[in-house]
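*Asks:* As input, take entry-v2.txt (compact mmCIF, C-alpha atoms):
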```txt
# COMPACT_ATOMS: atom_id res chain seq x y z
CA MET A 1 117.18 75.48 105.49
CA PRO A 2 115.92 74.13 108.82
CA ILE A 3 118.18 72.92 111.59
CA LYS A 4 117.79 69.28 112.60
CA ILE A 5 117.41 68.50 116.32
CA ARG A 6 116.67 65.51 118.53
CA ASP A 7 113.01 64.68 119.11
CA SER A 8 111.46 66.54 122.08
CA LEU A 9 114.51 68.73 122.71
CA PRO A 10 113.33 71.46 125.16
CA ALA A 11 114.75 74.22 122.94
CA GLN A 12 112.33 73.29 120.16
CA LYS A 13 109.41 75.37 121.42
CA THR A 14 111.59 78.40 122.09
CA LEU A 15 113.17 78.28 118.66
CA GLU A 16 109.83 77.83 116.94
CA SER A 17 108.39 80.81 118.85
CA GLU A 18 111.23 82.87 117.37
CA ASN A 19 110.29 81.75 113.84
CA ILE A 20 113.39 79.56 113.56
CA PHE A 21 112.43 76.48 111.62
CA VAL A 22 113.54 73.26 113.30
CA MET A 23 113.14 69.73 112.04
CA THR A 24 112.96 66.77 114.38
CA GLU A 25 114.77 63.53 113.63
CA TYR A 26 111.46 61.84 112.86
CA ARG A 27 110.51 64.38 110.22
CA ALA A 28 114.00 64.37 108.75
CA MET A 29 113.89 60.59 108.31
CA HIS A 30 110.50 60.72 106.60
CA GLN A 31 111.02 63.80 104.46
CA ASP A 32 110.95 63.57 100.69
CA ILE A 33 112.75 66.28 98.75
CA ARG A 34 112.14 67.43 95.19
CA PRO A 35 112.87 70.58 93.17
CA LEU A 36 110.47 73.49 93.51
CA HIS A 37 108.75 74.58 90.31
CA VAL A 38 108.38 78.36 90.04
CA LEU A 39 106.73 80.12 87.10
CA VAL A 40 107.62 83.77 86.40
CA LEU A 41 105.23 85.83 84.28
CA ASN A 42 107.65 88.53 83.16
CA LEU A 43 105.75 91.62 82.04
CA MET A 44 108.73 93.95 82.07
CA PRO A 45 110.17 95.27 78.77
CA THR A 46 113.68 94.86 80.22
CA LYS A 47 113.23 91.12 80.34
CA VAL A 48 116.86 90.02 80.62
CA GLU A 49 117.56 92.48 83.44
CA THR A 50 114.46 91.37 85.34
CA GLU A 51 115.33 87.70 84.81
CA THR A 52 118.78 88.25 86.28
CA GLN A 53 117.51 90.19 89.28
CA LEU A 54 114.93 87.56 90.20
CA LEU A 55 117.18 84.57 89.62
CA ARG A 56 119.86 86.15 91.78
CA LYS A 57 117.43 86.33 94.69
CA LEU A 58 115.76 82.97 94.14
CA SER A 59 119.14 81.25 94.08
CA ASN A 60 120.12 82.53 97.51
CA THR A 61 119.01 79.36 99.34
CA PRO A 62 120.16 75.72 99.35
CA LEU A 63 116.82 74.80 97.78
CA GLN A 64 116.74 73.39 94.27
CA VAL A 65 114.44 75.64 92.25
CA GLU A 66 113.37 75.11 88.66
CA VAL A 67 112.33 78.45 87.17
CA GLU A 68 110.31 78.85 83.98
CA PHE A 69 109.62 82.18 82.31
CA MET A 70 106.32 83.00 80.67
CA GLN A 71 105.28 85.87 78.41
CA THR A 72 101.87 87.01 77.27
CA ALA A 73 100.63 85.67 73.97
CA SER A 74 98.29 88.61 73.34
CA TYR A 75 101.11 91.16 73.38
CA GLN A 76 104.53 90.78 71.79
CA PRO A 77 107.32 92.71 73.57
CA ARG A 78 109.23 95.19 71.40
CA HIS A 79 112.35 95.60 73.50
CA VAL A 80 113.70 92.06 73.48
CA GLU A 81 114.96 89.84 70.69
CA THR A 82 112.51 87.28 69.35
CA ASN A 83 115.15 84.57 69.57
CA HIS A 84 115.44 85.14 73.31
CA LEU A 85 111.71 84.74 73.81
CA ASP A 86 111.58 81.67 71.58
CA MET A 87 114.41 79.98 73.48
CA PHE A 88 113.58 80.85 77.07
CA TYR A 89 109.88 81.70 77.32
CA THR A 90 106.64 79.79 77.23
CA VAL A 91 103.02 80.97 76.98
CA PHE A 92 99.98 80.23 79.08
CA ASP A 93 98.42 77.67 76.72
CA LYS A 94 101.49 75.47 77.14
CA VAL A 95 101.44 75.41 80.95
CA LYS A 96 97.76 75.79 81.88
CA ASP A 97 97.36 72.05 82.50
CA ARG A 98 100.27 71.97 84.95
CA LYS A 99 100.62 72.98 88.59
CA PHE A 100 103.40 75.02 90.20
CA ASP A 101 104.72 75.47 93.72
CA GLY A 102 105.23 79.20 93.23
CA MET A 103 104.56 81.95 90.75
CA ILE A 104 105.80 85.52 90.37
CA ILE A 105 103.89 88.16 88.42
CA THR A 106 106.19 91.09 87.74
CA GLY A 107 105.49 94.75 87.35
CA ALA A 108 105.05 96.59 84.07
CA PRO A 109 105.55 100.25 83.00
CA LEU A 110 101.85 101.03 82.83
CA ASP A 111 101.48 104.11 85.02
CA TYR A 112 98.30 106.12 84.40
CA THR A 113 96.79 103.30 82.29
CA LYS A 114 93.45 101.77 83.23
CA PHE A 115 93.65 98.04 83.72
CA GLU A 116 90.95 97.38 81.13
CA ASP A 117 92.94 99.39 78.57
CA VAL A 118 96.00 97.14 78.87
CA SER A 119 96.30 95.08 75.69
CA TYR A 120 96.82 91.80 77.54
CA TRP A 121 94.41 92.45 80.44
CA ASN A 122 91.98 89.66 79.54
CA GLU A 123 94.84 87.17 79.26
CA LEU A 124 96.29 88.31 82.58
CA CYS A 125 92.91 87.90 84.26
CA GLU A 126 92.72 84.34 82.94
CA ILE A 127 96.19 83.63 84.31
CA MET A 128 95.39 85.13 87.72
CA GLU A 129 92.19 83.10 87.95
CA TRP A 130 94.12 79.96 86.97
CA SER A 131 96.75 80.66 89.64
CA LYS A 132 94.13 80.24 92.38
CA THR A 133 93.85 76.52 91.59
CA HIS A 134 97.19 75.70 89.93
CA VAL A 135 99.75 77.58 92.02
CA HIS A 136 100.46 77.01 95.70
CA CYS A 137 101.75 80.55 96.40
CA THR A 138 101.78 83.58 94.08
CA LEU A 139 103.90 86.70 94.55
CA HIS A 140 102.69 89.87 92.82
CA MET A 141 105.20 92.70 92.29
CA CYS A 142 104.66 96.44 91.76
CA TRP A 143 102.14 96.89 88.88
CA GLY A 144 101.42 93.16 89.19
CA THR A 145 100.39 93.88 92.79
CA TYR A 146 97.87 96.54 91.78
CA ALA A 147 96.54 94.34 88.97
CA GLY A 148 96.13 91.44 91.41
CA LEU A 149 94.41 93.52 94.08
CA TYR A 150 92.04 94.93 91.46
CA TYR A 151 91.19 91.59 89.87
CA HIS A 152 90.94 89.44 93.01
CA TYR A 153 89.53 91.95 95.52
CA GLY A 154 88.19 94.93 93.58
CA ILE A 155 90.70 97.38 95.09
CA ASP A 156 91.43 99.98 92.42
CA LYS A 157 94.73 101.82 92.18
CA ILE A 158 95.02 105.54 92.83
CA ASP A 159 97.19 107.47 90.39
CA LEU A 160 99.80 109.74 91.96
CA GLU A 161 100.49 113.23 90.66
CA LYS A 162 104.22 112.52 90.60
CA LYS A 163 106.11 109.28 90.22
CA LEU A 164 107.36 107.76 93.46
CA SER A 165 111.04 107.04 92.84
CA GLY A 166 113.84 106.46 95.29
CA ILE A 167 114.91 104.53 98.37
CA TYR A 168 112.27 104.72 101.09
CA GLU A 169 112.14 103.76 104.74
CA HIS A 170 109.61 101.03 105.55
CA TYR A 171 108.48 99.52 108.81
CA VAL A 172 107.31 96.03 109.66
CA LEU A 173 103.75 95.74 110.98
CA LYS A 174 103.79 92.03 111.75
CA LYS A 175 107.17 91.28 113.31
CA SER A 176 106.19 87.69 114.10
CA SER A 177 105.72 86.86 110.43
CA PRO A 178 108.30 84.38 109.06
CA LEU A 179 108.47 86.64 106.00
CA PHE A 180 110.48 89.12 108.08
CA ARG A 181 112.88 86.70 109.72
CA GLY A 182 116.20 88.55 109.91
CA PHE A 183 114.67 91.93 109.01
CA ASP A 184 115.35 95.05 111.01
CA ASP A 185 112.28 96.84 112.34
CA ILE A 186 113.00 99.53 109.74
CA PHE A 187 114.16 98.44 106.29
CA TYR A 188 114.99 100.24 103.05
CA ALA A 189 113.81 99.33 99.56
CA PRO A 190 113.47 101.01 96.15
CA GLN A 191 110.11 102.26 94.93
CA SER A 192 109.36 103.13 91.30
CA ARG A 193 105.70 103.76 90.54
CA ALA A 194 103.01 106.38 90.06
CA MET A 195 100.16 104.53 91.75
CA THR A 196 99.12 103.42 95.21
CA VAL A 197 96.28 101.92 97.23
CA LEU A 198 94.92 103.16 100.53
CA PRO A 199 95.52 101.03 103.64
CA GLU A 200 91.87 101.62 104.55
CA ALA A 201 90.83 99.87 101.32
CA VAL A 202 93.00 96.88 102.18
CA LYS A 203 91.66 96.67 105.73
CA LYS A 204 88.11 96.44 104.42
CA VAL A 205 88.91 93.08 102.77
CA PRO A 206 88.74 90.32 105.42
CA GLU A 207 91.02 88.00 103.44
CA LEU A 208 93.92 90.47 103.39
CA GLU A 209 96.42 91.55 106.03
CA LEU A 210 98.95 94.39 105.89
CA LEU A 211 102.54 93.38 106.61
CA ALA A 212 104.65 96.49 106.00
CA MET A 213 104.12 100.19 105.39
CA SER A 214 106.03 103.38 104.66
CA ASP A 215 105.16 106.87 105.86
CA GLU A 216 106.16 108.28 102.46
CA ALA A 217 105.46 105.36 100.11
CA GLY A 218 102.32 103.93 101.72
CA VAL A 219 101.31 100.27 101.51
CA THR A 220 104.40 98.14 100.89
CA MET A 221 103.66 94.47 101.59
CA LEU A 222 100.49 92.50 102.23
CA LYS A 223 99.20 88.97 101.80
CA THR A 224 96.12 86.83 102.06
CA LYS A 225 95.52 85.31 105.47
CA ASP A 226 95.94 81.83 104.01
CA SER A 227 99.38 82.90 102.66
CA ARG A 228 98.54 81.82 99.12
CA GLN A 229 98.95 85.30 97.61
CA PHE A 230 101.55 87.96 98.39
CA PHE A 231 101.58 91.54 97.15
CA MET A 232 104.64 93.82 97.18
CA THR A 233 104.89 97.39 95.89
CA CYS A 234 108.64 97.88 96.40
CA HIS A 235 111.61 96.42 94.51
CA PRO A 236 114.14 94.82 96.87
CA GLU A 237 115.49 92.84 93.90
CA TYR A 238 116.68 95.98 92.06
CA ASP A 239 120.32 96.35 91.09
CA ALA A 240 122.36 99.31 92.33
CA ASP A 241 121.90 101.19 89.05
CA THR A 242 118.30 100.30 88.16
CA LEU A 243 116.78 103.56 89.40
CA ALA A 244 119.62 105.50 87.77
CA LYS A 245 118.88 103.88 84.41
CA GLU A 246 115.20 104.76 84.76
CA TYR A 247 116.03 108.33 85.76
CA PHE A 248 118.45 109.03 82.90
CA ARG A 249 116.09 107.32 80.44
CA ASP A 250 113.35 109.75 81.41
CA VAL A 251 115.78 112.67 81.31
CA ASN A 252 116.77 111.75 77.76
CA LYS A 253 113.09 111.62 76.82
CA GLY A 254 112.67 115.20 78.01
CA MET A 255 110.30 114.18 80.81
CA ASN A 256 112.10 116.30 83.45
CA PRO A 257 111.81 113.65 86.20
CA ASP A 258 112.55 114.34 89.85
CA VAL A 259 115.85 112.95 91.13
CA PRO A 260 115.13 109.66 92.97
CA ILE A 261 114.84 110.31 96.72
CA ASN A 262 117.61 109.11 99.06
CA TYR A 263 119.42 107.42 96.17
CA PHE A 264 122.30 109.48 94.82
CA PRO A 265 124.73 110.79 97.49
CA ASP A 266 124.03 114.47 98.15
CA ASN A 267 121.15 114.15 95.67
CA ASP A 268 123.74 114.42 92.90
CA PRO A 269 123.00 112.20 89.85
CA GLU A 270 126.69 112.32 88.93
CA LYS A 271 127.57 110.34 92.07
CA LYS A 272 127.37 106.55 92.36
CA PRO A 273 124.34 105.31 94.36
CA ILE A 274 124.92 103.60 97.69
CA VAL A 275 123.00 100.31 98.09
CA ARG A 276 121.00 100.07 101.33
CA TRP A 277 118.50 97.38 100.33
CA ARG A 278 120.57 94.37 99.26
CA SER A 279 120.08 92.45 102.53
CA THR A 280 116.33 93.20 102.43
CA GLY A 281 116.12 91.62 98.98
CA GLN A 282 118.07 88.54 99.99
CA LEU A 283 115.97 87.99 103.10
CA PHE A 284 112.61 88.67 101.48
CA TYR A 285 112.94 86.24 98.59
CA SER A 286 114.65 83.58 100.70
CA ASN A 287 111.96 83.76 103.36
CA TRP A 288 109.11 83.77 100.84
CA LEU A 289 110.55 80.80 99.01
CA ASN A 290 111.40 78.85 102.15
CA TYR A 291 108.45 79.46 104.46
CA TYR A 292 105.57 80.00 102.04
CA VAL A 293 106.52 77.76 99.14
CA TYR A 294 108.93 75.02 100.21
CA GLN A 295 107.62 74.41 103.73
CA SER A 296 103.94 74.26 102.83
CA THR A 297 103.57 73.04 99.24
CA PRO A 298 102.51 69.39 98.76
CA TYR A 299 105.29 66.97 97.87
CA ASP A 300 103.14 65.85 94.96
CA VAL A 301 102.70 69.13 93.08
CA GLY A 302 99.62 67.71 91.41
CA ARG A 303 97.82 67.82 94.78
CA ILE A 304 97.92 71.62 94.96
CA ASN A 305 94.46 72.96 95.81
CA GLU A 306 93.01 69.54 96.66
CA ASP A 307 92.11 70.84 100.11
CA LYS A 308 90.09 73.72 98.67
```
Output the file's structure in the form of structure tokens.
*Replies:*
Amino acid sequence: MPIKIRDSLPAQKTLESENIFVMTEYRAMHQDIRPLHVLVLNLMPTKVETETQLLRKLSNTPLQVEVEFMQTASYQPRHVETNHLDMFYTVFDKVKDRKFDGMIITGAPLDYTKFEDVSYWNELCEIMEWSKTHVHCTLHMCWGTYAGLYYHYGIDKIDLEKKLSGIYEHYVLKKSSPLFRGFDDIFYAPQSRAMTVLPEAVKKVPELELLAMSDEAGVTMLKTKDSRQFFMTCHPEYDADTLAKEYFRDVNKGMNPDVPINYFPDNDPEKKPIVRWRSTGQLFYSNWLNYYVYQSTPYDVGRINEDK
């Protein structure tokens, strides 16, 4: 949350130049506060686990956030109980006439699958188009990032020969961005994917700007210059054992996966992973929610996109 200061305090300009949000007495007296409405399109088969991970991060601020979960209507998940979906999930037809402050589109285990071959691709395209006029700020994650870049900007994914799995070192490209307030210049985050995009392809799109990269994992974070769409390829919301579960799942399937990089101590899957990305996750989601949703969304959510 912002700190409140006296009007015209000399420190105001210095603090603002350091991306510290300050609120003058005048603004504090005239500020209206309401809950933020965030819609999560959960495409993961491990729905309950993904719900918990995201809610843990979104709750790490004093902001009041109302989260709704949405599933696709054109594809019925097979790894979650129907009762859970009936109780806690909605579908696009039921929310398409509403507007939301924020939206998250999760990843999905669709490595080596063409976008057009995904059973719910047409529905997802409709939702992504709708988000441009009905959502103030949308965050795309992992496969959701590649789907969004392909649909909105025509940037196609590149399939990797081997799955990228492990804890990778990333570096911040735009240190002045409020998204990285509190970040170290180098930060760690899990990656779990078999696809990528080239930074050169991103740089060719005038509307996009790269925010973070990794020498080993490539493009990590980017956004539109108007800050209405964010794209993230890593998973700072992952639990300590998420990569381990994925690894042993693939082992049990006989897939002979590589051991996740920089994850198990001494590269030994029998040892308990050491978490090096928890603070990154807390900062990322708090900063996204605070600076790019709360601080800039209209008080009247119905006015979203009126200036477009």
*Asks:* Interatomic distance between CA of Asp117 (chain A) and CA of Val38 (chain A)?
*Replies:*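 Going from CA of Asp117 (chain A) over to CA of Val38 (chain A), I get 28.5 Å.
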*Asks:* Near Ala244 (chain A), counting only C-alpha atoms, which residues have an atom at most 10 Å away, once you skip same-chain residues fewer than 3 positions from it, shown as a PyMOL selection string?
*Replies:* chain A and resi 166+239-241+247-250+259-260+263-264+269-270+272-273
*Asks:* Could you tell me how far CA of Tyr151 (chain A) sits from CA of Glu200 (chain A), in Å to one decimal place?
*Replies:* 17.8 Å
*Asks:* With all atoms listed in the file as the atoms that count, which of A:Leu43, A:Leu198, A:Leu85, A:Val95 lies nearest to Gly107 (chain A)?
*Replies:*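 Closest to Gly107 (chain A) of all the choices is A:Leu43.
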*Asks:* Of the residues A:Leu55, A:Val48, A:Ala108, A:Ala147, which is the one nearest to Leu124 (chain A), using only C-alpha atoms?
*Replies:*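 So, comparing all the options, the nearest one is A:Ala147.
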